[in-house]
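Asks: mmCIF, C-alpha atoms, saved as work-v4.cif, coming up:
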data_start
loop_
_atom_site.label_atom_id
_atom_site.label_comp_id
_atom_site.auth_asym_id
_atom_site.auth_seq_id
_atom_site.Cartn_x
_atom_site.Cartn_y
_atom_site.Cartn_z
CA MET A 1 -25.53 33.40 49.43
CA GLY A 2 -28.97 32.04 48.77
CA ARG A 3 -29.42 29.14 46.47
CA HIS A 4 -30.43 29.76 42.89
CA ARG A 5 -34.10 29.00 42.43
CA ASN A 6 -35.05 26.92 39.44
CA ASN A 7 -38.03 28.60 37.81
CA LYS A 8 -38.31 26.25 34.87
CA ARG A 9 -41.75 24.86 34.20
CA ARG A 10 -42.27 21.38 35.54
CA LYS A 11 -42.58 18.81 32.80
CA VAL A 12 -44.87 15.80 32.69
CA LEU A 13 -42.65 12.72 32.57
CA ILE A 14 -43.76 9.71 30.57
CA LYS A 15 -41.78 6.49 30.49
CA PRO A 16 -41.97 4.64 27.17
CA ASP A 17 -43.55 1.21 27.33
CA GLY A 18 -41.47 -0.21 24.49
CA LYS A 19 -44.43 -0.78 22.16
CA LYS A 20 -43.37 1.02 19.00
CA ASN A 21 -45.26 -1.20 16.55
CA GLN A 22 -48.75 -0.07 17.55
CA PRO A 23 -50.80 1.41 14.70
CA SER A 24 -51.57 5.12 14.95
CA VAL A 25 -54.51 5.18 12.51
CA ASP A 26 -57.84 3.45 13.04
CA GLN A 27 -58.39 0.99 10.18
CA VAL A 28 -62.17 1.38 10.42
CA THR A 29 -62.62 5.16 10.56
CA GLY A 30 -59.31 6.20 9.00
CA GLU A 31 -58.75 8.66 11.85
CA LYS A 32 -56.13 8.66 14.57
CA ILE A 33 -56.56 6.04 17.27
CA PRO A 34 -57.86 7.71 20.45
CA LYS A 35 -55.35 7.87 23.29
CA SER A 36 -55.76 9.02 26.86
CA PHE A 37 -54.06 10.43 29.93
CA VAL A 38 -55.33 9.37 33.36
CA PHE A 39 -54.11 11.65 36.13
CA SER A 40 -55.24 13.41 39.29
CA ARG A 41 -55.55 16.95 40.59
CA ALA A 42 -54.49 17.72 44.16
CA LYS A 43 -53.71 14.98 46.69
CA LEU A 44 -55.66 11.72 46.65
CA PRO A 45 -56.09 9.14 49.40
CA PRO A 46 -54.51 5.71 48.78
CA SER A 47 -57.78 4.11 47.62
CA LEU A 48 -58.37 6.77 44.95
CA ARG A 49 -54.73 6.57 43.91
CA GLN A 50 -55.24 2.86 43.28
CA LEU A 51 -58.45 3.65 41.37
CA GLU A 52 -56.33 5.90 39.16
CA MET A 53 -54.00 2.98 38.37
CA ASP A 54 -56.98 0.70 37.70
CA LEU A 55 -58.37 3.21 35.19
CA ARG A 56 -54.99 3.37 33.47
CA LYS A 57 -54.96 -0.40 33.07
CA LEU A 58 -58.52 -0.27 31.76
CA MET A 59 -57.51 2.21 29.05
CA LEU A 60 -54.54 0.09 27.90
CA PRO A 61 -52.85 -0.18 25.47
CA HIS A 62 -53.49 3.38 24.23
CA THR A 63 -52.66 5.24 27.43
CA ALA A 64 -49.61 6.23 29.47
CA LEU A 65 -49.46 3.56 32.17
CA LYS A 66 -46.31 5.05 33.75
CA LEU A 67 -47.33 8.69 33.60
CA LYS A 68 -45.34 10.65 36.19
CA GLU A 69 -47.22 13.64 37.58
CA LYS A 70 -45.94 16.28 39.97
CA LYS A 71 -47.86 18.42 42.37
CA ARG A 72 -47.02 21.58 40.47
CA ASN A 73 -48.13 20.27 37.07
CA SER A 74 -51.00 22.34 35.74
CA LEU A 75 -53.63 21.29 33.26
CA LYS A 76 -51.75 23.29 30.62
CA ASP A 77 -48.66 21.12 31.15
CA PHE A 78 -50.61 17.98 30.34
CA LEU A 79 -52.22 19.68 27.35
CA ASN A 80 -48.82 20.71 25.94
CA VAL A 81 -47.62 17.10 26.08
CA ALA A 82 -50.92 15.68 24.78
CA GLY A 83 -50.67 17.37 21.38
CA PRO A 84 -47.39 15.84 20.13
CA MET A 85 -48.34 12.41 21.55
CA GLY A 86 -51.75 12.32 19.90
CA VAL A 87 -53.68 12.18 23.20
CA THR A 88 -57.37 12.81 22.60
CA HIS A 89 -58.95 12.40 26.07
CA PHE A 90 -58.20 13.24 29.70
CA LEU A 91 -59.55 11.29 32.67
CA ILE A 92 -59.01 13.44 35.75
CA LEU A 93 -59.62 12.30 39.32
CA SER A 94 -60.06 14.79 42.16
CA LYS A 95 -61.28 14.79 45.75
CA THR A 96 -63.13 17.42 47.77
CA HIS A 97 -64.55 17.42 51.27
CA ALA A 98 -67.87 16.21 49.80
CA ALA A 99 -66.95 13.37 47.44
CA PRO A 100 -64.49 12.17 44.77
CA TYR A 101 -65.00 13.31 41.19
CA LEU A 102 -64.10 12.08 37.73
CA ARG A 103 -63.80 14.46 34.79
CA VAL A 104 -63.70 13.12 31.23
CA ALA A 105 -62.52 15.73 28.75
CA LYS A 106 -61.94 15.82 25.00
CA THR A 107 -58.71 17.55 24.07
CA PRO A 108 -57.81 20.18 23.17
CA GLN A 109 -61.02 22.24 23.35
CA GLY A 110 -63.56 20.08 25.19
CA PRO A 111 -66.30 19.35 25.98
CA THR A 112 -65.88 18.10 29.56
CA LEU A 113 -68.09 15.75 31.58
CA THR A 114 -67.93 15.96 35.38
CA PHE A 115 -69.10 12.92 37.32
CA LYS A 116 -69.58 12.53 41.04
CA ILE A 117 -68.31 9.12 42.16
CA LEU A 118 -70.97 7.85 44.56
CA GLU A 119 -69.52 4.34 44.98
CA TYR A 120 -66.47 2.51 43.68
CA SER A 121 -64.69 -0.82 44.04
CA LEU A 122 -61.08 -1.47 43.12
CA ALA A 123 -59.94 -4.29 40.86
CA VAL A 124 -58.19 -6.02 43.76
CA ASP A 125 -61.41 -5.98 45.82
CA ILE A 126 -63.37 -7.60 43.00
CA ALA A 127 -60.68 -10.25 42.49
CA GLN A 128 -60.71 -11.11 46.20
CA SER A 129 -64.48 -11.60 46.14
CA GLN A 130 -64.29 -14.19 43.33
CA LEU A 131 -63.60 -17.88 43.71
CA ARG A 132 -61.52 -18.06 40.53
CA PRO A 133 -60.24 -14.60 39.52
CA ARG A 134 -59.22 -14.41 35.88
CA CYS A 135 -56.51 -12.10 34.57
CA PRO A 136 -54.39 -13.58 31.73
CA GLN A 137 -51.12 -11.88 30.78
CA ASP A 138 -52.38 -10.77 27.36
CA LEU A 139 -55.73 -9.51 28.66
CA PHE A 140 -54.71 -5.85 28.26
CA LYS A 141 -52.94 -6.29 24.94
CA ASN A 142 -55.94 -4.94 23.01
CA PRO A 143 -58.38 -2.13 23.85
CA PRO A 144 -61.77 -3.06 25.32
CA LEU A 145 -65.09 -2.97 23.56
CA ILE A 146 -67.53 -0.28 24.69
CA VAL A 147 -71.24 -0.97 25.28
CA LEU A 148 -73.67 1.79 26.25
CA SER A 149 -77.12 0.94 27.55
CA GLY A 150 -80.05 3.22 28.40
CA PHE A 151 -78.65 6.40 26.80
CA GLY A 152 -81.12 6.47 23.91
CA THR A 153 -82.83 9.76 24.75
CA ALA A 154 -82.92 13.20 23.21
CA ASP A 155 -81.24 14.93 26.17
CA LEU A 156 -78.15 16.93 25.26
CA HIS A 157 -76.03 15.76 28.19
CA LEU A 158 -76.77 12.10 27.49
CA LYS A 159 -75.90 12.53 23.82
CA ALA A 160 -72.61 14.17 24.79
CA THR A 161 -71.87 11.34 27.24
CA THR A 162 -72.51 8.75 24.53
CA THR A 163 -70.32 10.53 21.99
CA ILE A 164 -67.38 11.10 24.32
CA PHE A 165 -67.25 7.53 25.65
CA GLN A 166 -67.67 6.01 22.19
CA ASN A 167 -64.79 8.08 20.85
CA MET A 168 -62.50 7.12 23.76
CA PHE A 169 -61.98 3.64 22.28
CA PRO A 170 -61.09 2.52 18.74
CA ALA A 171 -64.02 1.60 16.50
CA ILE A 172 -64.40 -1.99 15.30
CA ASP A 173 -65.68 -3.54 12.08
CA VAL A 174 -67.75 -6.63 12.90
CA ASN A 175 -66.92 -8.13 9.49
CA THR A 176 -63.13 -7.94 9.81
CA VAL A 177 -62.42 -7.85 13.55
CA LYS A 178 -60.32 -10.69 14.97
CA LEU A 179 -62.08 -12.60 17.71
CA SER A 180 -58.80 -13.00 19.59
CA SER A 181 -58.61 -9.21 20.06
CA CYS A 182 -62.02 -9.05 21.80
CA GLN A 183 -61.05 -9.95 25.34
CA ARG A 184 -62.51 -7.11 27.42
CA ILE A 185 -65.66 -5.04 27.52
CA VAL A 186 -66.58 -1.77 29.25
CA LEU A 187 -70.27 -1.45 30.07
CA LEU A 188 -72.03 1.80 30.94
CA ASN A 189 -75.66 1.40 31.96
CA TYR A 190 -77.80 4.50 32.56
CA ASP A 191 -80.64 4.24 35.08
CA LYS A 192 -83.30 6.72 33.97
CA GLU A 193 -85.15 6.70 37.28
CA LYS A 194 -82.12 7.24 39.54
CA LYS A 195 -80.19 9.19 36.86
CA LEU A 196 -77.06 7.22 37.69
CA ILE A 197 -74.50 5.43 35.51
CA ASP A 198 -73.21 1.97 36.41
CA PHE A 199 -69.62 1.59 35.18
CA ARG A 200 -68.40 -2.01 34.81
CA HIS A 201 -65.32 -3.69 33.32
CA TYR A 202 -65.45 -7.37 32.26
CA SER A 203 -63.23 -9.96 30.65
CA ILE A 204 -64.73 -12.04 27.83
CA ARG A 205 -64.38 -15.81 27.99
CA LEU A 206 -65.54 -18.45 25.52
CA GLN A 207 -66.32 -22.03 26.48
CA PRO A 208 -67.17 -24.73 23.92
CA VAL A 209 -70.63 -26.22 24.32
CA GLY A 210 -70.77 -29.97 24.91
CA VAL A 211 -67.23 -30.30 26.28
CA SER A 212 -66.69 -31.14 29.94
CA ARG A 213 -64.48 -28.97 32.10
CA ARG A 214 -61.93 -31.77 32.49
CA ILE A 215 -61.41 -32.21 28.76
CA ARG A 216 -61.26 -28.45 28.24
CA LYS A 217 -58.55 -28.02 30.87
CA PHE A 218 -56.62 -30.97 29.45
CA VAL A 219 -56.50 -29.42 25.96
CA GLN A 220 -55.63 -25.93 27.21
CA ASN A 221 -52.88 -26.83 29.71
CA HIS A 222 -51.00 -29.42 27.60
CA GLN A 223 -50.43 -31.56 30.72
CA VAL A 224 -50.70 -35.33 31.10
CA PRO A 225 -53.57 -36.04 33.53
CA ASP A 226 -53.16 -38.17 36.64
CA LEU A 227 -54.85 -41.53 35.89
CA ARG A 228 -53.43 -43.56 38.76
CA ASN A 229 -56.71 -43.86 40.65
CA LEU A 230 -58.84 -44.60 37.57
CA GLN A 231 -59.72 -47.99 36.12
CA ASP A 232 -60.16 -46.79 32.55
CA VAL A 233 -59.57 -43.69 30.43
CA SER A 234 -63.32 -43.30 30.08
CA ASP A 235 -63.52 -42.63 33.81
CA PHE A 236 -61.46 -39.50 33.27
CA VAL A 237 -64.02 -38.19 30.78
CA THR A 238 -67.23 -39.18 32.54
CA ARG A 239 -66.22 -38.82 36.17
CA ALA A 240 -68.83 -36.84 38.14
CA GLY A 241 -68.06 -33.79 40.21
CA TYR A 242 -66.54 -31.64 37.47
CA GLY A 243 -69.66 -30.10 36.03
CA SER A 244 -71.92 -31.11 33.19
CA GLU A 245 -70.94 -31.25 29.54
CA SER A 246 -72.04 -27.64 29.08
CA GLU A 247 -71.93 -26.01 32.47
CA ALA A 248 -72.35 -22.48 31.06
CA ASP A 249 -75.23 -23.06 28.64
CA ASP A 250 -77.97 -21.83 30.95
CA GLU A 251 -76.21 -18.68 32.16
CA ALA A 252 -74.47 -17.36 29.07
CA ALA A 253 -75.34 -16.60 25.46
CA THR A 254 -74.37 -19.19 22.86
CA VAL A 255 -72.79 -18.14 19.55
CA THR A 256 -71.39 -19.88 16.49
CA LEU A 257 -67.77 -18.92 15.84
CA ALA A 258 -66.72 -17.75 12.39
CA SER A 259 -63.05 -18.64 12.96
CA ASP A 260 -60.90 -20.67 15.31
CA LEU A 261 -60.14 -19.18 18.69
CA GLY A 262 -57.48 -21.12 20.57
CA ARG A 263 -57.23 -24.89 20.76
CA VAL A 264 -60.67 -25.49 22.23
CA ASN A 265 -63.05 -23.12 20.43
CA GLN A 266 -63.20 -24.19 16.79
CA ALA A 267 -64.85 -22.51 13.81
CA SER A 268 -68.50 -23.41 13.06
CA SER A 269 -68.89 -24.79 16.59
CA LYS A 270 -71.05 -23.39 19.35
CA SER A 271 -69.42 -21.63 22.27
CA ALA A 272 -70.89 -20.05 25.38
CA VAL A 273 -69.90 -16.43 26.03
CA LYS A 274 -69.26 -15.59 29.69
CA LEU A 275 -68.37 -12.24 31.22
CA GLN A 276 -66.27 -12.08 34.37
CA GLU A 277 -65.87 -8.77 36.15
CA ILE A 278 -62.28 -7.57 36.59
CA GLY A 279 -62.90 -4.04 37.83
CA PRO A 280 -62.84 -1.25 38.60
CA ARG A 281 -66.52 -0.70 39.35
CA MET A 282 -68.10 2.73 39.79
CA THR A 283 -71.49 4.33 40.28
CA LEU A 284 -71.41 7.77 38.65
CA GLU A 285 -73.70 10.78 38.68
CA LEU A 286 -73.34 13.31 35.88
CA ILE A 287 -73.43 16.71 37.52
CA LYS A 288 -72.02 19.04 34.86
CA LEU A 289 -71.31 19.38 31.14
CA GLU A 290 -68.93 22.15 30.11
CA GLU A 291 -68.36 23.40 26.59
CA GLY A 292 -64.57 23.77 26.90
CA LEU A 293 -61.72 21.85 28.47
CA CYS A 294 -62.63 21.99 32.17
CA SER A 295 -63.93 25.50 31.54
CA GLY A 296 -66.38 27.46 29.40
CA ASP A 297 -70.15 27.67 29.38
CA VAL A 298 -72.06 25.13 31.45
CA LEU A 299 -74.36 23.32 29.02
CA PHE A 300 -75.87 21.10 31.71
CA SER A 301 -75.91 21.16 35.49
CA ALA A 302 -77.60 18.69 37.81
CA TYR A 303 -78.04 21.47 40.37
CA GLY A 304 -79.77 23.96 38.10
CA SER A 305 -79.70 25.59 34.69
CA GLY A 306 -77.70 28.67 35.66
CA SER A 307 -74.02 28.68 34.70
CA HIS A 308 -73.13 30.81 37.75
CA LYS A 309 -74.17 28.13 40.24
CA LYS A 310 -71.11 26.88 42.12
CA THR A 311 -70.79 23.14 42.73
CA ASP A 312 -68.63 21.16 45.10
CA GLU A 313 -66.26 20.43 42.22
CA ASN A 314 -65.66 24.15 41.67
CA GLU A 315 -64.90 24.54 45.34
CA GLY A 316 -62.44 21.68 45.05
CA ASP A 317 -60.62 23.47 42.23
CA ASP A 318 -60.27 26.60 44.37
CA GLU A 319 -58.91 24.60 47.30
CA GLU A 320 -56.48 22.85 44.96
CA GLN A 321 -55.19 26.14 43.58
CA GLU A 322 -54.63 27.59 47.04
CA GLU A 323 -52.79 24.43 48.10
CA ASP A 324 -50.50 24.64 45.07
CA GLU A 325 -49.67 28.28 45.74
CA GLY A 326 -48.87 27.57 49.37
CA ASP A 327 -46.53 24.67 48.65
CA GLY A 328 -44.67 26.16 45.70
CA SER A 329 -41.55 27.17 47.65
CA ASP A 330 -41.13 23.66 49.07
CA GLU A 331 -41.33 22.18 45.62
CA ASP A 332 -38.65 24.56 44.31
CA GLU A 333 -36.25 23.65 47.11
CA GLU A 334 -36.73 19.95 46.49
CA ASP A 335 -36.01 20.41 42.77
CA ASP A 336 -32.85 22.36 43.56
CA GLU A 337 -31.57 19.56 45.78
CA GLU A 338 -32.14 17.10 42.95
#
Could you express the structure from this file as structure tokens?

Replies:
Amino acid sequence: MGRHRNNKRRKVLIKPDGKKNQPSVDQVTGEKIPKSFVFSRAKLPPSLRQLEMDLRKLMLPHTALKLKEKKRNSLKDFLNVAGPMGVTHFLILSKTHAAPYLRVAKTPQGPTLTFKILEYSLAVDIAQSQLRPRCPQDLFKNPPLIVLSGFGTADLHLKATTTIFQNMFPAIDVNTVKLSSCQRIVLLNYDKEKKLIDFRHYSIRLQPVGVSRRIRKFVQNHQVPDLRNLQDVSDFVTRAGYGSESEADDEAATVTLASDLGRVNQASSKSAVKLQEIGPRMTLELIKLEEGLCSGDVLFSAYGSGSHKKTDENEGDDEEQEEDEGDGSDEDEEDDEE
């Protein structure tokens, strides 16, 4: 006799991360804190799969880092899970014969932005290119700040891009925000001439002005320095070769802190703000704005004003659907064996 085929709908599996004490309401706006799902459609090459994981880390802590997706999961499956979990945005990666794409959608009814990924660099590639990569353990404990540059025009698609990206991250109140929670920043810069968006992800670092690097490291690491080769303690402070007293003053902005931040940066003292890129890095081209969730009327198209014009992304969706239909029987047999 033939084996019984399991026709139950495949579920999206999400492993809990153990963080049950996270607030669910934004203290600034009074609305629910935006949450996201980052997943892919169809099969991705290893580099894009790693880009997917980098985007999940970027969206921490309000995203599903261990989201388990199956080949047969449809967009409706993710939408059914998104409602009870309070997910407000989807970031969907896909790949066609032409290029990779990133869709950013507002759940449950849209709108949807479709970007063509012209260039991208993974977080590991950026770390390998740096002399001193920086990634503390608590760097992803709080959501990043969002900064948009060059979007101040009256165009509908640019307004929609600004609104969607701003609402993807919790709002902050500059009067009550804790400086210790501002550790990352996401920068989107729009080039009006090339009509491209530069996507960058940085870590924020503060350095006290007027303190040498040796003294700063001594206070932060709580370690007794090696003074065996020195004649006097003053040699440890004034020894050359470890940078000037304010090695970041010329390259970074200087601010006066309103409260203490760690053991080195004290309130009412000047500190230099430095940004260090942690990735991922992308160059995006907005090619389509849809009214609904990955469907509906096309409000903007980089290839023309007509909504019937078919783009490479639409062709990718058709290829993905045909691939899913062809591999359905194999998936059922594998589920039965499990």

Asks: Considering all atoms listed in the file, return as a PyMOL selection string whatever protein or nucleic-acid residues lie within 10 Å of Phe37 in chain A, sequence-local ones (same chain, fewer than 2 positions apart) excluded.

Replies: chain A and resi 35+39-40+55-56+59+62-65+67+78-79+82+87-92

Asks: Counting only C-alpha atoms, figure out which residue out of A:Leu75, A:Leu145, A:Met53, A:Leu93 gets nearest to Pro170 in chain A.

Replies: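 Of all the options, A:Leu145 lies closest to Pro170 in chain A.
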
Asks: With only C-alpha atoms as the counted atoms, please give the residues lying no more than 10 Å from range 294-299 of chain A, apart from itself and same-chain residues fewer than 2 positions off, as a VMD selection string.

Replies: chain A and resid 75 92 103 to 106 109 to 114 156 to 157 288 to 292 301 305 to 309

Asks: Counting only C-alpha atoms, which of A:Leu158, A:Leu102, A:Ile204, A:Ala123 gets nearest to Pro144 in chain A?

Replies: A:Ile204

Asks: Between CA of Pro108 in chain A and CA of Ile33 in chain A, what is the distance in Å, rounded to a tenth?

Replies: 15.4 Å

Asks: Between CA of Gly83 in chain A and CA of Leu60 in chain A, what distance in Å does the model show, to one decimal?

Replies: 18.9 Å

Asks: Using the chain letters and residue numbers of this document, give as a list of chain:residue names the residues selected by the PyMOL selection byres ((chain A and resi 276) around 12).

Replies: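 Given this file, the PyMOL selection byres ((chain A and resi 276) around 12) evaluates to A:Ala123, A:Ile126, A:Ala127, A:Ser129, A:Gln130, A:Leu131, A:Arg132, A:Pro133, A:Arg134, A:Cys135, A:Gln183, A:Arg184, A:Ile185, A:Val186, A:Arg200, A:His201, A:Tyr202, A:Ser203, A:Ile204, A:Arg205, A:Leu206, A:Ala252, A:Val273, A:Lys274, A:Leu275, A:Glu277, A:Ile278, A:Gly279.
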
Asks: Can you work out the spacing between CA of Lys141 in chain A and CA of Val124 in chain A in Å, to one decimal?

Replies: 19.5 Å
